[in-house]
$ cat coords_33.txt   # compact mmCIF, C-alpha atoms and all ligand atoms
# COMPACT_ATOMS: atom_id res chain seq x y z
CA MET F 1 115.03 96.83 97.15
CA PRO F 2 113.91 93.90 99.32
CA ILE F 3 112.88 90.68 97.60
CA ILE F 4 109.12 90.33 97.82
CA THR F 5 107.67 86.90 97.20
CA GLU F 6 104.41 87.05 99.15
CA ILE F 7 102.00 89.55 100.72
CA ALA F 8 103.35 88.66 104.18
CA ASP F 9 106.75 90.17 103.16
CA LEU F 10 105.05 93.50 102.48
CA LYS F 11 103.19 93.31 105.78
CA ARG F 12 106.44 92.84 107.71
CA ILE F 13 108.05 95.90 106.07
CA TYR F 14 104.85 97.91 106.48
CA LYS F 15 104.82 97.24 110.21
CA ARG F 16 108.38 98.55 110.51
CA ARG F 17 107.85 101.70 108.45
CA VAL F 18 104.49 103.13 109.45
CA PRO F 19 103.49 104.64 112.83
CA LYS F 20 101.81 102.15 115.12
CA MET F 21 98.56 104.10 115.18
CA PHE F 22 98.06 103.59 111.41
CA TYR F 23 99.31 100.01 111.35
CA ASP F 24 96.84 99.17 114.12
CA TYR F 25 94.07 101.01 112.26
CA ALA F 26 94.47 98.66 109.30
CA GLU F 27 95.40 95.49 111.13
CA SER F 28 92.36 95.35 113.38
CA GLY F 29 88.85 94.01 113.38
CA SER F 30 85.97 95.01 115.59
CA TRP F 31 85.67 93.82 119.21
CA SER F 32 87.06 90.28 119.69
CA GLU F 33 88.23 90.18 116.03
CA GLN F 34 86.68 86.74 115.49
CA THR F 35 85.28 87.65 112.05
CA PHE F 36 88.51 89.43 111.11
CA ARG F 37 90.49 86.25 111.89
CA GLU F 38 88.03 83.86 110.27
CA ASN F 39 87.98 85.85 107.03
CA THR F 40 91.48 84.54 106.41
CA SER F 41 91.43 81.22 108.28
CA ASP F 42 88.30 80.11 106.39
CA PHE F 43 90.12 80.50 103.09
CA ASP F 44 92.73 78.07 104.46
CA LYS F 45 90.04 75.42 104.98
CA ILE F 46 89.36 75.27 101.25
CA ARG F 47 91.73 73.16 99.16
CA LEU F 48 92.60 73.26 95.49
CA ARG F 49 92.36 70.20 93.27
CA GLN F 50 95.66 69.40 91.60
CA ARG F 51 95.45 68.18 87.99
CA ILE F 52 98.16 67.04 85.59
CA ALA F 53 98.68 66.43 81.91
CA LYS F 54 96.27 69.22 80.96
CA ASP F 55 97.32 71.89 78.48
CA MET F 56 98.58 74.74 80.67
CA ASP F 57 100.08 76.80 77.87
CA ASN F 58 98.86 80.25 76.74
CA ARG F 59 96.98 81.14 79.88
CA SER F 60 94.79 84.17 80.53
CA ILE F 61 93.49 85.62 83.76
CA LYS F 62 92.05 88.69 82.04
CA SER F 63 88.44 89.37 82.78
CA GLN F 64 85.79 92.08 83.08
CA MET F 65 84.20 93.74 86.10
CA ILE F 66 80.97 95.68 85.39
CA GLY F 67 81.97 95.69 81.74
CA GLU F 68 85.44 97.15 82.33
CA ASP F 69 88.44 95.17 81.10
CA VAL F 70 90.74 94.07 83.92
CA SER F 71 94.12 92.33 83.78
CA MET F 72 92.84 90.07 86.57
CA PRO F 73 89.49 90.09 88.38
CA VAL F 74 90.85 92.02 91.37
CA ALA F 75 89.98 95.60 92.33
CA LEU F 76 91.52 97.81 95.02
CA ALA F 77 88.88 98.19 97.74
CA PRO F 78 88.13 101.61 99.20
CA VAL F 79 90.27 102.17 102.27
CA GLY F 80 90.03 105.28 104.40
CA LEU F 81 93.04 107.29 105.53
CA THR F 82 95.51 105.71 103.12
CA GLY F 83 97.23 109.05 102.71
CA MET F 84 98.38 108.50 106.30
CA GLN F 85 99.89 105.08 105.51
CA SER F 86 102.15 106.79 102.99
CA ALA F 87 102.21 110.46 101.91
CA ASP F 88 99.75 110.98 99.02
CA GLY F 89 98.88 107.30 99.38
CA GLU F 90 95.67 107.34 97.36
CA ILE F 91 97.42 108.93 94.38
CA LYS F 92 100.21 106.36 94.57
CA ALA F 93 97.77 103.45 94.74
CA ALA F 94 95.57 104.78 91.93
CA LYS F 95 98.63 105.13 89.68
CA ALA F 96 99.81 101.60 90.48
CA ALA F 97 96.34 100.18 89.78
CA GLU F 98 96.02 102.08 86.52
CA LYS F 99 99.38 100.83 85.26
CA PHE F 100 98.50 97.28 86.27
CA GLY F 101 95.09 97.39 84.60
CA VAL F 102 92.90 96.85 87.65
CA PRO F 103 90.24 99.18 89.09
CA PHE F 104 91.03 101.54 91.94
CA CYS F 105 88.25 102.63 94.27
CA LEU F 106 88.76 105.85 96.23
CA SER F 107 87.15 106.10 99.67
CA THR F 108 85.19 109.17 100.77
CA MET F 109 87.36 109.03 103.90
CA SER F 110 90.55 109.42 101.88
CA ILE F 111 93.24 112.01 102.46
CA CYS F 112 93.72 112.86 98.76
CA SER F 113 90.55 114.28 97.23
CA ILE F 114 88.62 113.03 94.18
CA GLU F 115 90.12 115.92 92.21
CA ASP F 116 93.66 115.06 93.38
CA VAL F 117 93.34 111.48 92.17
CA ALA F 118 91.74 112.54 88.86
CA ALA F 119 94.59 114.98 88.24
CA HIS F 120 97.19 112.23 88.64
CA THR F 121 95.50 109.46 86.62
CA THR F 122 94.29 109.15 83.05
CA LYS F 123 91.67 106.40 83.24
CA PRO F 124 88.37 106.57 85.12
CA PHE F 125 88.43 105.23 88.68
CA TRP F 126 85.65 104.25 91.10
CA PHE F 127 84.49 106.22 94.08
CA GLN F 128 82.98 104.95 97.34
CA VAL F 129 80.40 106.69 99.46
CA TYR F 130 78.75 105.91 102.74
CA THR F 131 75.00 106.31 103.02
CA LEU F 132 75.10 109.69 104.75
CA LYS F 133 72.08 111.75 105.80
CA ASP F 134 73.16 115.04 104.28
CA ASP F 135 71.64 115.16 100.78
CA ASP F 136 73.38 118.38 99.99
CA PHE F 137 76.80 116.87 100.72
CA MET F 138 75.94 113.61 98.93
CA GLY F 139 74.72 115.54 95.87
CA ARG F 140 77.93 117.52 95.74
CA LEU F 141 80.07 114.39 96.15
CA PHE F 142 78.25 112.81 93.19
CA GLU F 143 78.72 115.99 91.17
CA ARG F 144 82.42 116.09 91.94
CA ALA F 145 82.71 112.40 91.06
CA ARG F 146 80.99 112.97 87.71
CA ALA F 147 83.29 115.92 86.98
CA ALA F 148 86.28 113.68 87.80
CA ASN F 149 85.06 111.06 85.29
CA VAL F 150 84.37 108.41 87.95
CA SER F 151 82.98 105.36 86.14
CA ALA F 152 81.13 103.61 88.98
CA MET F 153 79.90 104.41 92.47
CA VAL F 154 80.52 101.94 95.26
CA ILE F 155 77.85 102.48 97.91
CA THR F 156 78.88 100.90 101.19
CA VAL F 157 75.79 99.59 102.91
CA ASP F 158 77.20 97.90 106.01
CA LEU F 159 78.10 100.98 108.03
CA GLN F 160 74.88 102.49 109.36
CA VAL F 161 76.38 102.39 112.82
CA LEU F 162 80.04 101.96 113.59
CA GLY F 163 81.73 98.79 114.87
CA GLN F 164 84.32 99.43 117.57
CA ARG F 165 88.00 98.75 117.16
CA HIS F 166 89.65 98.87 120.57
CA LYS F 167 93.09 99.86 119.37
CA ASP F 168 91.87 102.99 117.54
CA LEU F 169 90.36 104.29 120.77
CA LYS F 170 93.45 103.45 122.77
CA ASN F 171 95.78 104.99 120.18
CA GLY F 172 93.64 108.13 119.78
CA LEU F 173 93.60 107.62 116.01
CA SER F 174 93.26 110.85 114.03
CA ALA F 175 94.40 112.51 110.80
CA PRO F 176 96.75 114.21 111.09
CA PRO F 177 97.94 112.25 114.13
CA LYS F 178 97.54 113.93 117.52
CA LEU F 179 100.90 114.81 118.96
CA THR F 180 101.21 113.06 122.29
CA ILE F 181 104.47 111.99 123.93
CA LYS F 182 103.72 108.39 122.94
CA SER F 183 102.75 109.08 119.32
CA VAL F 184 105.66 111.46 118.74
CA ALA F 185 108.13 108.96 120.23
CA ASN F 186 106.79 106.30 117.89
CA MET F 187 106.73 108.57 114.81
CA MET F 188 110.35 109.59 115.38
CA THR F 189 111.36 106.01 114.65
CA LYS F 190 109.56 106.10 111.25
CA VAL F 191 112.01 108.33 109.42
CA THR F 192 111.07 107.80 105.75
CA TRP F 193 107.37 108.01 106.55
CA GLY F 194 107.91 111.26 108.45
CA LEU F 195 110.11 112.91 105.82
CA GLU F 196 107.63 112.11 103.05
CA MET F 197 104.73 113.32 105.15
CA LEU F 198 106.48 116.65 105.77
CA GLN F 199 106.73 117.16 102.01
CA THR F 200 103.02 116.90 101.26
CA LYS F 201 100.18 119.26 102.07
CA ARG F 202 97.66 116.42 101.97
CA ARG F 203 97.21 115.47 105.61
CA PHE F 204 93.45 115.98 106.15
CA PHE F 205 90.32 114.34 104.80
CA GLY F 206 90.43 115.89 101.31
CA ASN F 207 86.86 115.02 100.32
CA ILE F 208 85.30 116.46 103.43
CA VAL F 209 87.21 119.35 104.95
CA GLY F 210 86.11 122.47 103.08
CA HIS F 211 83.26 120.59 101.34
CA ALA F 212 80.85 119.46 104.08
CA LYS F 213 78.80 122.23 105.66
CA GLY F 214 80.40 123.47 108.86
CA VAL F 215 83.64 121.52 108.32
CA SER F 216 86.15 124.17 107.41
CA ASP F 217 89.04 122.72 109.38
CA PRO F 218 90.02 119.30 110.74
CA SER F 219 88.92 120.14 114.28
CA SER F 220 85.23 120.37 113.29
CA LEU F 221 85.40 117.01 111.48
CA SER F 222 84.73 114.70 114.40
CA SER F 223 81.41 116.34 115.33
CA TRP F 224 80.37 116.24 111.65
CA THR F 225 81.23 112.52 111.39
CA ALA F 226 79.22 111.70 114.50
CA GLU F 227 76.15 113.37 112.92
CA ALA F 228 76.67 112.33 109.32
CA PHE F 229 75.90 108.59 109.35
CA ASP F 230 72.30 107.49 108.96
CA PRO F 231 71.23 104.81 111.44
CA SER F 232 67.72 104.82 109.94
CA LEU F 233 68.90 103.77 106.46
CA ASP F 234 66.42 101.65 104.48
CA TRP F 235 66.15 100.32 100.92
CA ASP F 236 64.19 103.36 99.74
CA ARG F 237 67.07 105.57 100.82
CA ILE F 238 69.58 103.31 99.06
CA LYS F 239 67.46 103.55 95.91
CA THR F 240 67.30 107.34 96.22
CA LEU F 241 71.09 107.56 96.51
CA MET F 242 71.47 105.27 93.48
CA GLU F 243 69.15 107.55 91.50
CA MET F 244 71.01 110.66 92.65
CA TRP F 245 74.19 109.17 91.20
CA GLY F 246 72.48 107.89 88.06
CA GLY F 247 75.39 105.74 86.82
CA LYS F 248 76.71 102.26 87.56
CA VAL F 249 76.40 101.18 91.18
CA ILE F 250 78.17 98.52 93.22
CA LEU F 251 76.54 97.78 96.59
CA LYS F 252 79.26 96.76 99.02
CA GLY F 253 78.68 95.01 102.33
CA ILE F 254 76.04 92.36 101.54
CA LEU F 255 76.36 89.21 103.68
CA ASP F 256 72.88 87.74 103.58
CA VAL F 257 70.80 86.10 100.84
CA GLU F 258 67.73 88.22 101.64
CA ASP F 259 69.76 91.44 101.38
CA ALA F 260 71.31 90.22 98.12
CA LYS F 261 67.81 89.75 96.67
CA LYS F 262 66.91 93.30 97.70
CA ALA F 263 70.09 94.61 96.10
CA VAL F 264 69.02 92.99 92.82
CA GLU F 265 65.55 94.48 93.16
CA VAL F 266 66.94 98.02 93.45
CA GLY F 267 69.09 97.39 90.37
CA ALA F 268 72.68 97.05 91.61
CA ASP F 269 75.13 96.41 88.77
CA ALA F 270 77.27 94.38 91.17
CA ILE F 271 77.27 93.45 94.84
CA VAL F 272 80.23 92.80 97.06
CA VAL F 273 79.78 89.97 99.54
CA SER F 274 81.67 91.57 102.40
CA ASN F 275 81.79 92.04 106.14
CA HIS F 276 83.98 95.12 105.79
CA GLY F 277 87.13 93.12 106.47
CA GLY F 278 85.81 92.08 109.89
CA ARG F 279 85.53 95.71 111.00
CA GLN F 280 81.78 95.88 111.55
CA LEU F 281 79.73 92.98 112.98
CA ASP F 282 82.10 90.85 115.04
CA GLY F 283 80.68 87.32 115.05
CA ALA F 284 79.37 87.50 111.48
CA LEU F 285 80.36 84.63 109.18
CA SER F 286 83.31 85.12 106.87
CA SER F 287 82.49 86.35 103.37
CA ILE F 288 83.79 83.19 101.72
CA ARG F 289 81.34 81.06 103.73
CA MET F 290 78.41 83.21 102.59
CA LEU F 291 79.45 83.41 98.95
CA GLU F 292 77.94 80.26 97.47
CA ASP F 293 74.43 80.74 98.89
CA ILE F 294 74.35 84.30 97.59
CA VAL F 295 75.66 83.30 94.17
CA LYS F 296 73.05 80.52 93.96
CA GLU F 297 70.28 83.03 94.59
CA VAL F 298 71.34 86.09 92.56
CA GLY F 299 74.43 85.11 90.56
CA ASP F 300 72.49 85.11 87.29
CA LYS F 301 70.92 88.51 88.00
CA THR F 302 73.88 90.66 89.01
CA GLU F 303 77.66 90.39 89.29
CA VAL F 304 78.60 88.92 92.64
CA TRP F 305 82.05 89.88 93.97
CA LEU F 306 83.69 89.13 97.27
CA ASP F 307 86.04 90.85 99.66
CA SER F 308 87.38 90.27 103.18
CA GLY F 309 90.30 88.00 103.86
CA ILE F 310 92.05 87.82 100.48
CA ARG F 311 95.81 87.67 100.96
CA SER F 312 96.94 85.65 97.94
CA GLY F 313 96.19 84.67 94.37
CA GLN F 314 95.11 81.27 95.67
CA ASP F 315 92.40 83.04 97.69
CA VAL F 316 91.27 84.87 94.55
CA LEU F 317 91.16 81.55 92.69
CA LYS F 318 89.06 79.95 95.44
CA ALA F 319 86.59 82.84 95.42
CA VAL F 320 86.26 82.73 91.64
CA ALA F 321 85.83 78.94 91.71
CA MET F 322 83.02 79.36 94.23
CA GLY F 323 81.18 81.79 92.00
CA ALA F 324 82.63 85.29 92.45
CA LYS F 325 82.97 87.20 89.19
CA GLY F 326 85.64 89.32 90.85
CA VAL F 327 87.14 90.30 94.19
CA MET F 328 88.30 93.37 96.04
CA ILE F 329 91.42 93.48 98.17
CA GLY F 330 91.87 95.85 101.10
CA ARG F 331 94.74 95.18 103.47
CA ALA F 332 96.81 93.36 100.85
CA TRP F 333 97.37 96.61 98.93
CA VAL F 334 97.63 98.74 102.07
CA TYR F 335 100.56 96.59 103.27
CA GLY F 336 102.27 97.26 99.94
CA LEU F 337 101.59 100.98 100.11
CA GLY F 338 102.90 101.34 103.66
CA ALA F 339 105.94 99.21 102.86
CA MET F 340 107.09 100.85 99.63
CA GLY F 341 104.58 103.39 98.31
CA GLU F 342 103.50 103.00 94.69
CA LYS F 343 106.12 100.28 94.09
CA GLY F 344 104.70 98.34 97.02
CA VAL F 345 101.17 98.42 95.64
CA THR F 346 102.51 97.22 92.29
CA SER F 347 104.42 94.52 94.10
CA ALA F 348 101.26 93.35 95.91
CA LEU F 349 99.43 93.15 92.59
CA GLU F 350 102.33 91.28 90.95
CA VAL F 351 102.41 88.73 93.77
CA ILE F 352 98.66 88.08 93.52
CA HIS F 353 98.76 87.98 89.70
CA LYS F 354 101.51 85.39 89.65
CA GLU F 355 99.95 83.24 92.37
CA LEU F 356 96.59 83.31 90.63
CA ASP F 357 98.03 82.46 87.23
CA VAL F 358 100.26 79.59 88.37
CA SER F 359 97.71 78.10 90.79
CA MET F 360 95.06 78.17 88.08
CA ALA F 361 97.44 76.34 85.75
CA LEU F 362 98.22 73.69 88.37
CA CYS F 363 94.48 73.11 88.70
CA GLY F 364 94.47 72.31 85.00
CA LYS F 365 92.86 75.52 83.71
CA ARG F 366 94.15 77.91 81.06
CA ASP F 367 91.54 80.62 81.27
CA ILE F 368 90.00 82.26 84.33
CA GLN F 369 86.65 82.18 82.50
CA ASP F 370 86.72 78.36 82.67
CA VAL F 371 87.44 78.18 86.41
CA ASP F 372 84.53 76.58 88.21
CA ARG F 373 83.54 74.73 91.39
CA ASP F 374 85.29 71.63 90.08
CA ILE F 375 88.75 72.90 91.07
CA VAL F 376 88.07 73.37 94.78
CA LEU F 377 87.59 70.92 97.62
CA VAL F 378 85.36 72.43 100.27
CA PRO F 379 84.66 70.82 103.66
CA LYS F 380 81.12 69.51 104.10
CA GLY F 381 78.86 72.09 105.73
CA PHE F 382 81.29 74.94 104.97
CA SER F 383 78.57 77.16 103.56
CA GLY F 384 75.38 75.55 104.67
CA ASP F 385 75.39 74.14 108.18
CA TRP F 386 74.46 77.33 109.98
CA ALA F 387 70.92 77.91 111.16
C1 LIG M 1 92.08 100.35 107.18
C2 LIG M 1 90.79 100.09 106.48
C3 LIG M 1 89.97 101.16 106.13
C4 LIG M 1 88.79 100.93 105.43
N1 LIG M 1 88.04 102.00 105.02
C5 LIG M 1 86.94 101.79 104.26
C6 LIG M 1 86.22 102.89 103.72
O1 LIG M 1 86.56 104.04 103.90
N2 LIG M 1 85.10 102.60 102.99
C7 LIG M 1 84.69 101.32 102.75
O2 LIG M 1 83.68 101.11 102.09
N3 LIG M 1 85.39 100.28 103.22
C8 LIG M 1 86.49 100.47 103.96
N4 LIG M 1 87.22 99.40 104.40
C9 LIG M 1 86.82 98.04 104.03
C10 LIG M 1 87.45 97.63 102.69
O3 LIG M 1 86.89 98.33 101.62
C11 LIG M 1 87.26 96.13 102.43
O4 LIG M 1 85.91 95.80 102.54
C12 LIG M 1 88.09 95.27 103.37
O5 LIG M 1 89.34 95.83 103.62
C13 LIG M 1 88.26 93.88 102.77
O6 LIG M 1 88.94 93.04 103.65
P1 LIG M 1 90.52 92.73 103.57
O7 LIG M 1 91.20 93.92 104.14
O8 LIG M 1 90.66 91.52 104.42
O9 LIG M 1 90.87 92.50 102.13
C14 LIG M 1 88.40 99.61 105.11
C15 LIG M 1 89.23 98.55 105.46
C16 LIG M 1 90.42 98.77 106.12
C17 LIG M 1 91.31 97.61 106.45

$ encode --input "coords_33.txt" --output "structure tokens" --more "lines below"
Ligand SMILES: Cc1cc2nc3c(=O)[nH]c(=O)nc-3n(C[C@H](O)[C@H](O)[C@H](O)COP(=O)(O)O)c2cc1C
Amino acid sequence: MPIITEIADLKRIYKRRVPKMFYDYAESGSWSEQTFRENTSDFDKIRLRQRIAKDMDNRSIKSQMIGEDVSMPVALAPVGLTGMQSADGEIKAAKAAEKFGVPFCLSTMSICSIEDVAAHTTKPFWFQVYTLKDDDFMGRLFERARAANVSAMVITVDLQVLGQRHKDLKNGLSAPPKLTIKSVANMMTKVTWGLEMLQTKRRFFGNIVGHAKGVSDPSSLSSWTAEAFDPSLDWDRIKTLMEMWGGKVILKGILDVEDAKKAVEVGADAIVVSNHGGRQLDGALSSIRMLEDIVKEVGDKTEVWLDSGIRSGQDVLKAVAMGAKGVMIGRAWVYGLGAMGEKGVTSALEVIHKELDVSMALCGKRDIQDVDRDIVLVPKGFSGDWA
């Protein structure tokens, strides 16, 4: 077992073990990747304020997200296709999250189905949907989620139309992977990945194939996907989807104060300040730059979370200090999964937990609930000098 001390260790192993097509799928942003890069580099611009001779004993980073107890305020973000990063990947990640005491959110575009994940876990998990046109399909997804004891619906609102990632087009990304000379040559070098993948039946989009009208096999999926998204989405439609679900709702993909106010108006239990990990609007500001303005406006009316760019516990601490009640991580757990399956996801969570705990202590705080703006040093104009 390799010694893992930081998320970058997991990323290195992940790159070695998983076919290039799926590594590229995760490790890309849209177009020039400016927003993807700045999501992480902007965190580096923020500094932590070192304090000494403060009582750092008996610390706690336990918290709550939408009323659910969490061992740290970090949830696993919905990530599509994770069953291609590692065989049965969504089940492995959900189990790791459950054991660690943090929420797991399953993507609609997962390989393992809602029912698969429910059958392998004991606690409720979250489910993510896109705002698709097909009411019949949406209704059935909600029904299946209710039957699987899903405790909250994450509705992703920043994907009305699709940002382009160059590498996915060049690699011919698909699930299961298309067998070309190039892809087969690359997969043959990924022995463990390949052997595990041969042992599972879960190699297609488990929530869609056999459930969406006209999608009875993987070959009909691409035409369905092209039709399914709703470019004409508006707030009335978001409200309708929220009512169709009828339970707790997290609106994910808010990056603007005006949109945050609307999200409060329609009654979101939480919002995620997010640019989809830099995969949608290239040129948008990083989430961490937008956080404070949004918190100022709606932080007392709904829970404001953040994702995009978190690679360490220090990043989590910075986000919490700047007003986030919680965060979601995407790539950080995918690196772990691709590197070492369930153990790797656990390892990613352990790394972040330890970094968050120790960094909080070194800032002179014993309880995550007491962390505030006082512990960060933020460059002038970081959030506000954009017009
Ligand atoms: C490979 C990949 C697939 C993703 N798939 C989905 C998805 O199916 N649904 C969704 O709402 N967000 C999806 N996201 C976005 C994540 O939920 C999250 O917003 C993002 O990863 C956060 O940024 P980070 O990776 O820098 O932590 C995906 C992100 C990645 C990297």

$ closest_atom_pairs --input "coords_33.txt" --of "chain F" --to "ligand LIG 1 (chain M)" --cutoff "9 Å" --atoms "only C-alpha atoms and all ligand atoms" --output "CSV"
residue,atom,partner,partner_atom,distance
F:Phe22,CA,M:LIG1,C1,8.0
F:Tyr23,CA,M:LIG1,C1,8.4
F:Asp24,CA,M:LIG1,C1,8.5
F:Tyr25,CA,M:LIG1,C1,5.5
F:Ala26,CA,M:LIG1,C1,3.6
F:Glu27,CA,M:LIG1,C17,6.6
F:Ser28,CA,M:LIG1,C17,7.4
F:Gly29,CA,M:LIG1,C17,8.2
F:Phe36,CA,M:LIG1,O8,7.3
F:Asn39,CA,M:LIG1,O8,6.8
F:Thr40,CA,M:LIG1,O8,7.3
F:Leu76,CA,M:LIG1,O3,8.1
F:Ala77,CA,M:LIG1,O3,4.4
F:Pro78,CA,M:LIG1,O3,4.3
F:Val79,CA,M:LIG1,N1,3.5
F:Gly80,CA,M:LIG1,O1,3.7
F:Leu81,CA,M:LIG1,C3,6.9
F:Thr82,CA,M:LIG1,C1,7.5
F:Cys105,CA,M:LIG1,O3,8.6
F:Leu106,CA,M:LIG1,O1,8.2
F:Ser107,CA,M:LIG1,O1,4.7
F:Thr108,CA,M:LIG1,O1,6.2
F:Met109,CA,M:LIG1,O1,5.1
F:Ser110,CA,M:LIG1,O1,7.0
F:Gln128,CA,M:LIG1,O2,6.1
F:Val129,CA,M:LIG1,O2,7.0
F:Tyr130,CA,M:LIG1,O2,6.9
F:Val154,CA,M:LIG1,O2,7.6
F:Ile155,CA,M:LIG1,O2,7.3
F:Thr156,CA,M:LIG1,O2,4.9
F:Val157,CA,M:LIG1,O2,8.1
F:Asp158,CA,M:LIG1,O2,8.2
F:Leu159,CA,M:LIG1,O2,8.2
F:Lys252,CA,M:LIG1,O2,6.9
F:Gly253,CA,M:LIG1,O4,7.3
F:Val272,CA,M:LIG1,O4,8.4
F:Val273,CA,M:LIG1,O4,9.0
F:Ser274,CA,M:LIG1,O4,6.0
F:Asn275,CA,M:LIG1,O4,6.6
F:His276,CA,M:LIG1,O4,3.8
F:Gly277,CA,M:LIG1,O6,3.4
F:Gly278,CA,M:LIG1,O6,7.0
F:Arg279,CA,M:LIG1,C15,7.2
F:Leu306,CA,M:LIG1,C13,8.6
F:Asp307,CA,M:LIG1,C13,4.9
F:Ser308,CA,M:LIG1,O6,3.2
F:Gly309,CA,M:LIG1,O8,3.6
F:Ile310,CA,M:LIG1,O9,5.1
F:Arg311,CA,M:LIG1,O9,7.0
F:Met328,CA,M:LIG1,O9,6.7
F:Ile329,CA,M:LIG1,O9,4.1
F:Gly330,CA,M:LIG1,O5,3.6
F:Arg331,CA,M:LIG1,O7,3.8
F:Ala332,CA,M:LIG1,O9,6.1
F:Trp333,CA,M:LIG1,O9,8.3
F:Val334,CA,M:LIG1,C1,7.7

$ closest_residue --input "coords_33.txt" --among "F:Gln199, F:Ser383, F:Gln314, F:Thr302" --to "Ala270 of chain F" --atoms "all atoms listed in the file"
F:Thr302

$ residues_around --input "coords_33.txt" --residues "segment 221-233 of chain F" --least-positions-apart "4" --cutoff "6 Å" --atoms "only C-alpha atoms" --output "list in words"
Leu132, Lys133, Gln160, Val161 and Val215 of chain F

$ residues_around --input "coords_33.txt" --residues "Ala263 of chain F" --least-positions-apart "5" --cutoff "12 Å" --atoms "only C-alpha atoms" --output "ChimeraX atom specification"
/F:155-157,234-236,238-239,242,249-258,268-273,294,297-299,301-304

$ atom_distance --input "coords_33.txt" --atom1 "atom CA of Asp217 of chain F" --atom2 "atom CA of Phe137 of chain F"
16.1 Å

$ atom_distance --input "coords_33.txt" --atom1 "atom CA of Asp367 of chain F" --atom2 "atom CA of Ala321 of chain F"
12.0 Å

$ closest_residue --input "coords_33.txt" --among "F:Lys11, F:Gly194, F:Gly313, F:Arg289" --to "His353 of chain F" --atoms "only C-alpha atoms"
F:Gly313

$ axis_aligned_box --input "coords_33.txt" --around "segment 69-82 of chain F" --padding-each-side "4 Å" --output "AutoDock Vina command-line options"
--center_x 91.8 --center_y 98.7 --center_z 93.3 --size_x 15.4 --size_y 25.2 --size_z 32.4

$ closest_residue --input "coords_33.txt" --among "F:Leu317, F:His120, F:Lys45, F:Leu162" --to "Gln280 of chain F" --atoms "all atoms listed in the file"
F:Leu162

$ closest_residue --input "coords_33.txt" --among "F:Leu349, F:Val191, F:Ala339, F:Ala387" --to "Leu10 of chain F" --atoms "all atoms listed in the file"
F:Ala339

$ build_atoms --input "coords_33.txt" --residues "segment 256-267 of chain F" --atoms "N, CA and C atoms" --output "CSV table (one decimal), in the frame of the given file"
chain,number,residue,atom,x,y,z
F,256,ASP,N,74.1,88.5,103.3
F,256,ASP,CA,72.9,87.7,103.6
F,256,ASP,C,72.1,87.6,102.3
F,257,VAL,N,71.5,86.4,102.1
F,257,VAL,CA,70.8,86.1,100.8
F,257,VAL,C,69.6,87.1,100.7
F,258,GLU,N,68.9,87.3,101.8
F,258,GLU,CA,67.7,88.2,101.6
F,258,GLU,C,68.2,89.6,101.2
F,259,ASP,N,69.3,90.1,101.8
F,259,ASP,CA,69.8,91.4,101.4
F,259,ASP,C,70.3,91.4,99.9
F,260,ALA,N,70.8,90.3,99.5
F,260,ALA,CA,71.3,90.2,98.1
F,260,ALA,C,70.1,90.3,97.2
F,261,LYS,N,69.0,89.7,97.5
F,261,LYS,CA,67.8,89.8,96.7
F,261,LYS,C,67.3,91.2,96.6
F,262,LYS,N,67.3,91.9,97.7
F,262,LYS,CA,66.9,93.3,97.7
F,262,LYS,C,67.8,94.1,96.8
F,263,ALA,N,69.1,93.8,96.9
F,263,ALA,CA,70.1,94.6,96.1
F,263,ALA,C,69.8,94.4,94.6
F,264,VAL,N,69.4,93.2,94.2
F,264,VAL,CA,69.0,93.0,92.8
F,264,VAL,C,67.8,93.8,92.5
F,265,GLU,N,66.8,93.8,93.4
F,265,GLU,CA,65.6,94.5,93.2
F,265,GLU,C,65.8,96.0,92.9
F,266,VAL,N,66.7,96.6,93.7
F,266,VAL,CA,66.9,98.0,93.4
F,266,VAL,C,67.9,98.3,92.3
F,267,GLY,N,68.4,97.2,91.6
F,267,GLY,CA,69.1,97.4,90.4
F,267,GLY,C,70.6,97.5,90.5
